[in-house]
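A.B. asks: Got a structure for you, questions after.
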Amino acid sequence: MVRGKAIILGRVSTEGQDLDQQTEKLLEAAKRDGYSERQIIQIAVKESGISLGELERKGINEMKQIIEAGENISCVYIYEVTRLARRGDVNFNVKQYLVDRKIQLVCLKPEFRLLTSDGAINQMANVAFGMLAVFAEQEMYNTKDRMMRGKRYAKEQGRFIGGKVRYGYTLDKRKHIIINEREATIVREVFDMMCSGLHSYNSIANEMIERGEFIGITTARKKVQNILKGIAYCGIGGGGAKYNYNYPPIIDTETYKKAQEQLSKNQIKPKRVYKHIFLGRGIIKDCNGYIMIGKKRATEGSNYYAHSTHSNSGLSIASNPLDASLWFIAKSQYENVQELNKMVGVDRTKKAIEELIQKIEQAEKNVEAIQESIDRVEDRYIRGRISEAKADKMEEEFRRKQELERKNIVKFNDQLRQLEAPVEESEGFGDIEAIEDAELKHRIVKLVIEYVQIVRTTRNIYNMEVHYTPLFSGTKGTVQTFVLNTTLKHQELSLEDGSWTIQL
């Protein structure tokens, strides 16, 4: 039995490489030299040999910690020089570290021992180590060069080569950047809302949250900000400092400039002297299915809802009679807190909420895990382990799975919002007839009504097709149609069949 202990240092950089097989061969070599299992310390890690410096290398750091802890290490076994690192500076520093401490370095492929039996440097082994270290570094440069040539060629062909695809776009099967029409519609609306002069970052973000396009005020505000600052939407570059893609245009340069001017004005614009709460915020649609936006005028009482810029309905309606109708319908359905509790089944709903939260957390973990898989595919391609065609195919499949997980996150969050609102509200509204706070009224309206589609039948008469949330569809059905008459001095709301009429 030899004196001291041995370290076997195994490293692989991709999932495709077999760390167990490498470790087994090193163990056999150490045992042949007379080390028992109790004398052998195993270090086996999966990390890049290219991107990490010596101080960042987990395996090398662990080896040094063991040596400096006084474990009486007499030998270190490696499978090949590239298993230390592919960077020359790291390899030569580690070699000198071991030589200074008279610790033998044994390499299996090709086989050599760095020190002689008396602790001196074996000159032939030293030359071999130096040549292998240089070859390893040159291979690294060749790999990087191959990767960069591939990326340059792909970019010249108009293909996506890395980074994050900007909101409003997606990739086709050949990884070309194309417009995502659904998201592009949101991008145009965000610019149009800012250009109107009636909105700020926050109001646009809130509008998008109400529609279910974005989740959370912080995320929504950041997305709105990124959209409005994105000159790439004009199709003139600016797609990121690293890759700087030329995206297909979604808006024209005039719209972009106008939005930037309005952003500058908003920074010095005084706050409004009053705050008007639109009860139908985010739930009123015109006959074409576009969200109608609440708009404010200089004087209270003359506010109105207007069609979005992407609808040609030309519809507008005063906010007072419409909000009064919404509040009457909502509180009639809502009835009282006790009835709500009976309908919701709070305990059952809270359990469903917990399950949805778990699903969201798992989906987020899946997105991260898939991204790691994508990174490993790129690493394998860089090292020449797989062809470009195979790498593209694997990456495309991973991105498809990742997109499905992201869609699940959006779907689960939508379901979560619908469940959370009733449980939170069921514990404290009290006497609904006594409520005066407009924000609270808006919350109740949203709790009861999913959306309302407005159709103007004559100049001052409107059909209101009210779609209830699943919680309140119950005995009255999923949809009810009302008639709002604003011709009279006292506006009237009635059921379509005329069975009842009230003055607002």
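In the structure tokens, chains take letters A, B, ... by order of appearance, with residues numbered from 1 within each chain and ligands from 1 in the order shown.
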Fewer than 2 positions away in the same chain doesn't count, so skip those; otherwise give me all residues within 12 Å of segment 355-361 of chain A, counting only C-alpha atoms, as a PyMOL selection string.
C.D. replies: chain A and resi 348-353+363-368+405-420
A.B. asks: Quick one: residues within 12 Å of Gln262 of chain A, only C-alpha atoms counted, chain neighbours fewer than 3 positions away excluded, as a list in words?
C.D. replies: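 In the requested format, the answer is Phe191, Asp192, Met193, Met194, Cys195, Ser196, Gly197, Leu198, His199, Ser200, Tyr201, Leu228, Lys229, Thr255, Tyr256, Lys257, Lys258, Ala259, Lys265, Asn266, Gln267, Ile268 and Lys269 of chain A.
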A.B. asks: Please indicate the distance in Å from atom CA of Val455 of chain A to atom CA of Val190 of chain A, rounded to one decimal place.
C.D. replies: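 It comes out at 24.8 Å.
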A.B. asks: Which of these, A:Ile374, A:Met394, A:Ala30, A:Leu108, has the shortest distance to Val2 of chain A once you count only C-alpha atoms?
C.D. replies: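 Smallest distance to Val2 of chain A is found for A:Ala30.
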A.B. asks: When distances are computed from only C-alpha atoms, which of A:Ser332, A:Asn93, A:Gln402, A:Thr82 shows the smallest separation from Glu137 of chain A?
C.D. replies: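 For Glu137 of chain A, the nearest of the candidates is A:Thr82.
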